[in-house]
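Below is upload10.pdb, holding PDB, C-alpha atoms.
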```
ATOM      1  CA  MET A   1      13.139  16.464 -18.270  1.00  0.00           C
ATOM      2  CA  SER A   2       9.917  14.948 -19.543  1.00  0.00           C
ATOM      3  CA  ALA A   3       7.344  13.307 -17.286  1.00  0.00           C
ATOM      4  CA  GLU A   4       8.057   9.977 -18.995  1.00  0.00           C
ATOM      5  CA  THR A   5      11.777  10.278 -18.209  1.00  0.00           C
ATOM      6  CA  LEU A   6      11.057  11.115 -14.560  1.00  0.00           C
ATOM      7  CA  GLU A   7       8.655   8.175 -14.281  1.00  0.00           C
ATOM      8  CA  LEU A   8      11.206   5.788 -15.791  1.00  0.00           C
ATOM      9  CA  LEU A   9      13.911   7.103 -13.439  1.00  0.00           C
ATOM     10  CA  ALA A  10      11.581   6.446 -10.481  1.00  0.00           C
ATOM     11  CA  VAL A  11      10.871   2.916 -11.741  1.00  0.00           C
ATOM     12  CA  GLY A  12      14.612   2.318 -12.169  1.00  0.00           C
ATOM     13  CA  LEU A  13      15.291   3.440  -8.606  1.00  0.00           C
ATOM     14  CA  ALA A  14      12.454   1.305  -7.243  1.00  0.00           C
ATOM     15  CA  ALA A  15      13.661  -1.726  -9.216  1.00  0.00           C
ATOM     16  CA  GLY A  16      17.175  -1.210  -7.882  1.00  0.00           C
ATOM     17  CA  VAL A  17      15.954  -1.045  -4.299  1.00  0.00           C
ATOM     18  CA  LEU A  18      13.800  -4.156  -4.762  1.00  0.00           C
ATOM     19  CA  SER A  19      16.629  -6.030  -6.504  1.00  0.00           C
ATOM     20  CA  GLY A  20      18.990  -5.228  -3.656  1.00  0.00           C
ATOM     21  CA  LEU A  21      16.416  -6.024  -0.994  1.00  0.00           C
ATOM     22  CA  PHE A  22      14.834  -9.171  -2.416  1.00  0.00           C
ATOM     23  CA  GLY A  23      17.060 -10.247  -5.303  1.00  0.00           C
ATOM     24  CA  VAL A  24      14.158  -9.880  -7.736  1.00  0.00           C
ATOM     25  CA  GLY A  25      14.797  -9.176 -11.361  1.00  0.00           C
ATOM     26  CA  GLY A  26      13.928  -5.706 -12.533  1.00  0.00           C
ATOM     27  CA  GLY A  27      11.715  -7.197 -15.235  1.00  0.00           C
ATOM     28  CA  ILE A  28       8.915  -7.431 -12.686  1.00  0.00           C
ATOM     29  CA  LEU A  29       8.831  -3.633 -12.686  1.00  0.00           C
ATOM     30  CA  PHE A  30      10.650  -2.760 -15.906  1.00  0.00           C
ATOM     31  CA  VAL A  31       8.440  -4.617 -18.368  1.00  0.00           C
ATOM     32  CA  PRO A  32       5.083  -3.250 -17.182  1.00  0.00           C
ATOM     33  CA  ALA A  33       6.552   0.252 -16.777  1.00  0.00           C
ATOM     34  CA  LEU A  34       8.018   0.240 -20.266  1.00  0.00           C
ATOM     35  CA  VAL A  35       4.678  -0.877 -21.709  1.00  0.00           C
ATOM     36  CA  VAL A  36       2.546   1.570 -19.724  1.00  0.00           C
ATOM     37  CA  ILE A  37       4.857   4.584 -19.380  1.00  0.00           C
ATOM     38  CA  ALA A  38       7.048   4.421 -22.464  1.00  0.00           C
ATOM     39  CA  GLY A  39       4.458   2.856 -24.766  1.00  0.00           C
ATOM     40  CA  LEU A  40       6.738   0.010 -25.863  1.00  0.00           C
ATOM     41  CA  SER A  41       5.307  -3.226 -27.203  1.00  0.00           C
ATOM     42  CA  GLN A  42       5.535  -6.251 -24.931  1.00  0.00           C
ATOM     43  CA  ILE A  43       8.450  -7.698 -26.898  1.00  0.00           C
ATOM     44  CA  GLU A  44      10.293  -4.352 -26.969  1.00  0.00           C
ATOM     45  CA  ALA A  45       9.741  -3.960 -23.221  1.00  0.00           C
ATOM     46  CA  GLY A  46      11.079  -7.449 -22.540  1.00  0.00           C
ATOM     47  CA  ALA A  47      14.150  -6.901 -24.694  1.00  0.00           C
ATOM     48  CA  THR A  48      14.782  -3.439 -23.206  1.00  0.00           C
ATOM     49  CA  SER A  49      14.385  -4.870 -19.707  1.00  0.00           C
ATOM     50  CA  LEU A  50      17.002  -7.525 -20.435  1.00  0.00           C
ATOM     51  CA  ALA A  51      19.449  -4.880 -21.628  1.00  0.00           C
ATOM     52  CA  ALA A  52      18.731  -2.696 -18.588  1.00  0.00           C
ATOM     53  CA  MET A  53      19.417  -5.610 -16.249  1.00  0.00           C
ATOM     54  CA  ILE A  54      23.038  -6.031 -17.370  1.00  0.00           C
ATOM     55  CA  PRO A  55      24.440  -3.273 -15.123  1.00  0.00           C
ATOM     56  CA  VAL A  56      21.890  -4.001 -12.378  1.00  0.00           C
ATOM     57  CA  ALA A  57      22.856  -7.670 -12.210  1.00  0.00           C
ATOM     58  CA  ALA A  58      26.581  -6.904 -12.354  1.00  0.00           C
ATOM     59  CA  VAL A  59      26.481  -4.382  -9.505  1.00  0.00           C
ATOM     60  CA  GLY A  60      24.075  -6.468  -7.427  1.00  0.00           C
ATOM     61  CA  ALA A  61      26.180  -9.623  -7.794  1.00  0.00           C
ATOM     62  CA  TRP A  62      29.358  -7.691  -6.984  1.00  0.00           C
ATOM     63  CA  ARG A  63      27.832  -6.181  -3.820  1.00  0.00           C
ATOM     64  CA  GLN A  64      26.373  -9.496  -2.667  1.00  0.00           C
ATOM     65  CA  HIS A  65      29.632 -11.322  -3.482  1.00  0.00           C
ATOM     66  CA  ALA A  66      31.483  -8.893  -1.204  1.00  0.00           C
ATOM     67  CA  ARG A  67      29.176 -10.064   1.606  1.00  0.00           C
ATOM     68  CA  GLY A  68      29.717 -13.743   0.804  1.00  0.00           C
ATOM     69  CA  ASN A  69      26.153 -14.303  -0.369  1.00  0.00           C
ATOM     70  CA  VAL A  70      26.712 -15.443  -3.966  1.00  0.00           C
ATOM     71  CA  ARG A  71      26.894 -19.160  -4.676  1.00  0.00           C
ATOM     72  CA  TRP A  72      28.817 -19.120  -7.944  1.00  0.00           C
ATOM     73  CA  ARG A  73      28.288 -22.699  -9.105  1.00  0.00           C
ATOM     74  CA  PRO A  74      24.465 -22.498  -9.168  1.00  0.00           C
ATOM     75  CA  ALA A  75      24.700 -18.956 -10.543  1.00  0.00           C
ATOM     76  CA  LEU A  76      26.861 -20.109 -13.449  1.00  0.00           C
ATOM     77  CA  LEU A  77      24.723 -23.189 -14.093  1.00  0.00           C
ATOM     78  CA  LEU A  78      21.574 -21.067 -14.221  1.00  0.00           C
ATOM     79  CA  GLY A  79      23.200 -18.332 -16.287  1.00  0.00           C
ATOM     80  CA  LEU A  80      24.788 -20.593 -18.872  1.00  0.00           C
ATOM     81  CA  THR A  81      21.718 -22.763 -19.402  1.00  0.00           C
ATOM     82  CA  SER A  82      19.549 -19.652 -19.607  1.00  0.00           C
ATOM     83  CA  ILE A  83      21.428 -18.647 -22.758  1.00  0.00           C
ATOM     84  CA  ALA A  84      19.779 -21.474 -24.701  1.00  0.00           C
ATOM     85  CA  GLY A  85      16.430 -20.694 -23.114  1.00  0.00           C
ATOM     86  CA  ILE A  86      16.561 -17.006 -23.996  1.00  0.00           C
ATOM     87  CA  ALA A  87      17.332 -17.792 -27.612  1.00  0.00           C
ATOM     88  CA  GLY A  88      14.333 -20.103 -27.852  1.00  0.00           C
ATOM     89  CA  GLY A  89      12.075 -17.783 -25.855  1.00  0.00           C
ATOM     90  CA  ALA A  90      12.966 -14.767 -27.991  1.00  0.00           C
ATOM     91  CA  ALA A  91      12.267 -16.709 -31.173  1.00  0.00           C
ATOM     92  CA  LEU A  92       8.904 -17.848 -29.784  1.00  0.00           C
ATOM     93  CA  ALA A  93       8.003 -14.318 -28.617  1.00  0.00           C
ATOM     94  CA  GLU A  94       8.483 -13.037 -32.165  1.00  0.00           C
ATOM     95  CA  THR A  95       5.768 -15.426 -33.368  1.00  0.00           C
ATOM     96  CA  LEU A  96       3.122 -14.568 -30.758  1.00  0.00           C
ATOM     97  CA  PRO A  97       0.583 -11.766 -31.042  1.00  0.00           C
ATOM     98  CA  GLU A  98       1.084  -8.807 -28.687  1.00  0.00           C
ATOM     99  CA  ASP A  99      -2.026  -9.551 -26.613  1.00  0.00           C
ATOM    100  CA  VAL A 100      -1.050 -13.206 -26.128  1.00  0.00           C
ATOM    101  CA  LEU A 101       2.465 -12.245 -25.066  1.00  0.00           C
ATOM    102  CA  ARG A 102       1.143  -9.638 -22.619  1.00  0.00           C
ATOM    103  CA  THR A 103      -1.362 -12.129 -21.158  1.00  0.00           C
ATOM    104  CA  LEU A 104       1.330 -14.781 -20.739  1.00  0.00           C
ATOM    105  CA  PHE A 105       3.558 -12.268 -18.932  1.00  0.00           C
ATOM    106  CA  ALA A 106       0.694 -11.304 -16.609  1.00  0.00           C
ATOM    107  CA  LEU A 107       0.016 -14.989 -15.873  1.00  0.00           C
ATOM    108  CA  LEU A 108       3.695 -15.519 -15.086  1.00  0.00           C
ATOM    109  CA  LEU A 109       3.629 -12.625 -12.602  1.00  0.00           C
ATOM    110  CA  LEU A 110       0.474 -14.024 -10.983  1.00  0.00           C
ATOM    111  CA  ALA A 111       1.973 -17.517 -10.745  1.00  0.00           C
ATOM    112  CA  VAL A 112       5.172 -16.227  -9.153  1.00  0.00           C
ATOM    113  CA  ALA A 113       3.246 -14.008  -6.727  1.00  0.00           C
ATOM    114  CA  THR A 114       0.946 -16.893  -5.776  1.00  0.00           C
ATOM    115  CA  ARG A 115       3.869 -19.250  -5.218  1.00  0.00           C
ATOM    116  CA  LEU A 116       5.723 -16.727  -3.060  1.00  0.00           C
ATOM    117  CA  ALA A 117       2.630 -15.909  -1.015  1.00  0.00           C
ATOM    118  CA  TRP A 118       1.882 -19.601  -0.509  1.00  0.00           C
ATOM    119  CA  SER A 119       5.432 -20.421   0.617  1.00  0.00           C
ATOM    120  CA  ALA A 120       5.538 -17.385   2.959  1.00  0.00           C
ATOM    121  CA  ARG A 121       2.499 -18.597   4.876  1.00  0.00           C
ATOM    122  CA  ARG A 122       4.141 -21.910   5.793  1.00  0.00           C
ATOM    123  CA  PRO A 123       6.586 -21.124   8.626  1.00  0.00           C
ATOM    124  CA  GLY A 124       9.592 -23.343   9.152  1.00  0.00           C
ATOM    125  CA  ARG A 125       9.740 -24.306   5.491  1.00  0.00           C
ATOM    126  CA  ARG A 126      13.361 -23.187   5.212  1.00  0.00           C
ATOM    127  CA  GLU A 127      15.772 -22.268   7.964  1.00  0.00           C
ATOM    128  CA  MET A 128      17.052 -18.726   7.705  1.00  0.00           C
ATOM    129  CA  ASP A 129      20.009 -19.072  10.095  1.00  0.00           C
ATOM    130  CA  GLY A 130      22.720 -19.549   7.498  1.00  0.00           C
ATOM    131  CA  PRO A 131      23.575 -20.000   3.846  1.00  0.00           C
ATOM    132  CA  GLY A 132      21.829 -22.653   1.858  1.00  0.00           C
ATOM    133  CA  PRO A 133      23.491 -25.865   0.718  1.00  0.00           C
ATOM    134  CA  GLU A 134      26.297 -25.582  -1.793  1.00  0.00           C
ATOM    135  CA  ILE A 135      25.238 -27.114  -5.084  1.00  0.00           C
TER     136      ILE A 135
END
```
Write the structure described by the file as structure tokens, please.
Amino acid sequence: MSAETLELLAVGLAAGVLSGLFGVGGGILFVPALVVIAGLSQIEAGATSLAAMIPVAAVGAWRQHARGNVRWRPALLLGLTSIAGIAGGAALAETLPEDVLRTLFALLLLAVATRLAWSARRPGRREMDGPGPEI
């Protein structure tokens, strides 16, 4: 097995653990790893990450559903409306230069990380003693 294959297997395992633990999408790890390790372009890494997430999302949702943690109505609303968004986003990504696309992805990661860090420092923001409201 090549070093690249071993590195990608390690990233896949780490993404699976993080997805199961935090519910994060593997794209947070997959996209940068595919760019750095596999040498894919930003758009190829994004598209490959989406394809890789199909089995991850299916297994994760199945396991969490078995524990009663999935709220299907919001999940379906988000999933179905995301279809239109992905079509538009993919078309836009095809028009952007590689460096712009990579910078925008990095800014997205920074914005998400900042938002999560900010919300984590405010205790009592959301009660953790039960499931959230049904939408």
One decimal, in Å: what's the spacing between atom CA of Met53 of chain A and atom CA of Val70 of chain A?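 Here the two named atoms are 17.3 Å from each other.
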When you draw a straight line from atom CA of Ala93 of chain A to atom CA of Ala57 of chain A, how long is it in Å? 23.1 Å
Work out how far apart atom CA of Pro55 of chain A and atom CA of Ala91 of chain A are and give it in Å to one decimal.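 So the two atoms, atom CA of Pro55 of chain A and atom CA of Ala91 of chain A, lie 24.2 Å apart.
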Ranking A:Glu4, A:Ala58, A:Gly20, A:Ala15 by minimum distance to Gly39 of chain A and counting all atoms listed in the file, which one comes first?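 The answer is A:Glu4, which sits nearest to Gly39 of chain A.
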Leaving out Ala106 of chain A and any residue of its chain fewer than 5 positions from it, which residues lie within 12 Å of it when counting all atoms listed in the file, given as a list in words?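 Using all atoms listed in the file, the neighbours found are Gly27, Ile28, Leu29, Val31, Pro32, Gln42, Asp99, Val100, Leu101, Ala111, Val112 and Ala113 of chain A.
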All residues 12 Å or closer to Leu9 of chain A, all atoms listed in the file, same chain fewer than 4 positions away omitted, as a PyMOL selection string: chain A and resi 1-5+13-16+29-30+33-34+37-38
Write out, as a PDB file, in the frame of the given file, the residues just selected, with C-alpha atoms.
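New file selection_35.pdb:
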```
ATOM      1  CA  MET A   1      13.139  16.464 -18.270  1.00  0.00           C
ATOM      2  CA  SER A   2       9.917  14.948 -19.543  1.00  0.00           C
ATOM      3  CA  ALA A   3       7.344  13.307 -17.286  1.00  0.00           C
ATOM      4  CA  GLU A   4       8.057   9.977 -18.995  1.00  0.00           C
ATOM      5  CA  THR A   5      11.777  10.278 -18.209  1.00  0.00           C
ATOM      6  CA  LEU A  13      15.291   3.440  -8.606  1.00  0.00           C
ATOM      7  CA  ALA A  14      12.454   1.305  -7.243  1.00  0.00           C
ATOM      8  CA  ALA A  15      13.661  -1.726  -9.216  1.00  0.00           C
ATOM      9  CA  GLY A  16      17.175  -1.210  -7.882  1.00  0.00           C
ATOM     10  CA  LEU A  29       8.831  -3.633 -12.686  1.00  0.00           C
ATOM     11  CA  PHE A  30      10.650  -2.760 -15.906  1.00  0.00           C
ATOM     12  CA  ALA A  33       6.552   0.252 -16.777  1.00  0.00           C
ATOM     13  CA  LEU A  34       8.018   0.240 -20.266  1.00  0.00           C
ATOM     14  CA  ILE A  37       4.857   4.584 -19.380  1.00  0.00           C
ATOM     15  CA  ALA A  38       7.048   4.421 -22.464  1.00  0.00           C
TER      16      ALA A  38
END
```
Give me the residues near Arg102 of chain A as a list in words, where near means some atom within 12 Å (using all atoms listed in the file) and where sequence neighbours in that chain fewer than 6 positions away do not count.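 With the cut-off at 12 Å, the set is Val31, Pro32, Val35, Val36, Leu40, Ser41, Gln42, Ile43, Glu44, Ala45, Gly46, Ala93, Leu96, Leu108 and Leu109 of chain A.
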May I ask which of the residues A:Arg73, A:Val56, A:Ile86, A:Ala120 is the closest one to Ser19 of chain A, counting only C-alpha atoms?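 Among the listed residues, the smallest separation from Ser19 of chain A belongs to A:Val56.
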Kindly write segment 53-119 of chain A with C-alpha atoms to a file, as a PDB file, in the first residue's frame.
```
ATOM      1  CA  MET A  53     -19.992  11.180   2.470  1.00  0.00           C
ATOM      2  CA  ILE A  54     -22.829   9.090   1.014  1.00  0.00           C
ATOM      3  CA  PRO A  55     -21.985   5.914   2.971  1.00  0.00           C
ATOM      4  CA  VAL A  56     -20.777   7.911   5.990  1.00  0.00           C
ATOM      5  CA  ALA A  57     -24.038   9.841   6.241  1.00  0.00           C
ATOM      6  CA  ALA A  58     -26.156   6.728   5.687  1.00  0.00           C
ATOM      7  CA  VAL A  59     -24.427   4.699   8.403  1.00  0.00           C
ATOM      8  CA  GLY A  60     -24.246   7.635  10.813  1.00  0.00           C
ATOM      9  CA  ALA A  61     -27.940   8.465  10.393  1.00  0.00           C
ATOM     10  CA  TRP A  62     -28.889   4.800  10.784  1.00  0.00           C
ATOM     11  CA  ARG A  63     -26.861   4.447  14.006  1.00  0.00           C
ATOM     12  CA  GLN A  64     -28.181   7.701  15.462  1.00  0.00           C
ATOM     13  CA  HIS A  65     -31.753   6.831  14.416  1.00  0.00           C
ATOM     14  CA  ALA A  66     -31.461   3.576  16.375  1.00  0.00           C
ATOM     15  CA  ARG A  67     -30.737   5.713  19.456  1.00  0.00           C
ATOM     16  CA  GLY A  68     -33.666   8.047  18.786  1.00  0.00           C
ATOM     17  CA  ASN A  69     -31.470  11.039  18.005  1.00  0.00           C
ATOM     18  CA  VAL A  70     -32.532  11.844  14.432  1.00  0.00           C
ATOM     19  CA  ARG A  71     -35.234  14.444  13.891  1.00  0.00           C
ATOM     20  CA  TRP A  72     -36.458  13.427  10.449  1.00  0.00           C
ATOM     21  CA  ARG A  73     -38.539  16.468   9.526  1.00  0.00           C
ATOM     22  CA  PRO A  74     -35.667  18.981   9.836  1.00  0.00           C
ATOM     23  CA  ALA A  75     -33.307  16.437   8.270  1.00  0.00           C
ATOM     24  CA  LEU A  76     -35.548  16.068   5.223  1.00  0.00           C
ATOM     25  CA  LEU A  77     -36.151  19.814   4.950  1.00  0.00           C
ATOM     26  CA  LEU A  78     -32.414  20.496   5.033  1.00  0.00           C
ATOM     27  CA  GLY A  79     -31.586  17.637   2.682  1.00  0.00           C
ATOM     28  CA  LEU A  80     -34.205  18.420   0.066  1.00  0.00           C
ATOM     29  CA  THR A  81     -33.510  22.152  -0.046  1.00  0.00           C
ATOM     30  CA  SER A  82     -29.779  21.457  -0.186  1.00  0.00           C
ATOM     31  CA  ILE A  83     -30.301  19.771  -3.555  1.00  0.00           C
ATOM     32  CA  ALA A  84     -31.028  23.135  -5.181  1.00  0.00           C
ATOM     33  CA  GLY A  85     -28.150  24.731  -3.307  1.00  0.00           C
ATOM     34  CA  ILE A  86     -25.633  22.103  -4.379  1.00  0.00           C
ATOM     35  CA  ALA A  87     -26.598  22.510  -8.011  1.00  0.00           C
ATOM     36  CA  GLY A  88     -26.064  26.262  -7.834  1.00  0.00           C
ATOM     37  CA  GLY A  89     -22.904  25.962  -5.738  1.00  0.00           C
ATOM     38  CA  ALA A  90     -21.351  23.418  -8.099  1.00  0.00           C
ATOM     39  CA  ALA A  91     -22.092  25.623 -11.096  1.00  0.00           C
ATOM     40  CA  LEU A  92     -20.538  28.619  -9.322  1.00  0.00           C
ATOM     41  CA  ALA A  93     -17.471  26.603  -8.246  1.00  0.00           C
ATOM     42  CA  GLU A  94     -16.785  25.731 -11.884  1.00  0.00           C
ATOM     43  CA  THR A  95     -16.473  29.443 -12.689  1.00  0.00           C
ATOM     44  CA  LEU A  96     -14.081  30.389  -9.873  1.00  0.00           C
ATOM     45  CA  PRO A  97     -10.299  30.180 -10.040  1.00  0.00           C
ATOM     46  CA  GLU A  98      -8.675  27.475  -7.895  1.00  0.00           C
ATOM     47  CA  ASP A  99      -7.052  29.942  -5.486  1.00  0.00           C
ATOM     48  CA  VAL A 100     -10.322  31.821  -4.921  1.00  0.00           C
ATOM     49  CA  LEU A 101     -12.200  28.588  -4.265  1.00  0.00           C
ATOM     50  CA  ARG A 102      -9.524  27.387  -1.831  1.00  0.00           C
ATOM     51  CA  THR A 103      -9.531  30.746  -0.004  1.00  0.00           C
ATOM     52  CA  LEU A 104     -13.324  30.728   0.274  1.00  0.00           C
ATOM     53  CA  PHE A 105     -13.224  27.201   1.721  1.00  0.00           C
ATOM     54  CA  ALA A 106     -10.591  28.253   4.269  1.00  0.00           C
ATOM     55  CA  LEU A 107     -12.711  31.274   5.251  1.00  0.00           C
ATOM     56  CA  LEU A 108     -15.738  29.020   5.691  1.00  0.00           C
ATOM     57  CA  LEU A 109     -13.760  26.740   8.022  1.00  0.00           C
ATOM     58  CA  LEU A 110     -12.546  29.753  10.016  1.00  0.00           C
ATOM     59  CA  ALA A 111     -16.067  31.181  10.276  1.00  0.00           C
ATOM     60  CA  VAL A 112     -17.508  27.876  11.473  1.00  0.00           C
ATOM     61  CA  ALA A 113     -14.672  27.373  13.968  1.00  0.00           C
ATOM     62  CA  THR A 114     -15.082  30.924  15.286  1.00  0.00           C
ATOM     63  CA  ARG A 115     -18.838  30.521  15.664  1.00  0.00           C
ATOM     64  CA  LEU A 116     -18.478  27.210  17.498  1.00  0.00           C
ATOM     65  CA  ALA A 117     -15.774  28.554  19.800  1.00  0.00           C
ATOM     66  CA  TRP A 118     -17.840  31.652  20.560  1.00  0.00           C
ATOM     67  CA  SER A 119     -20.989  29.658  21.364  1.00  0.00           C
TER      68      SER A 119
END
```
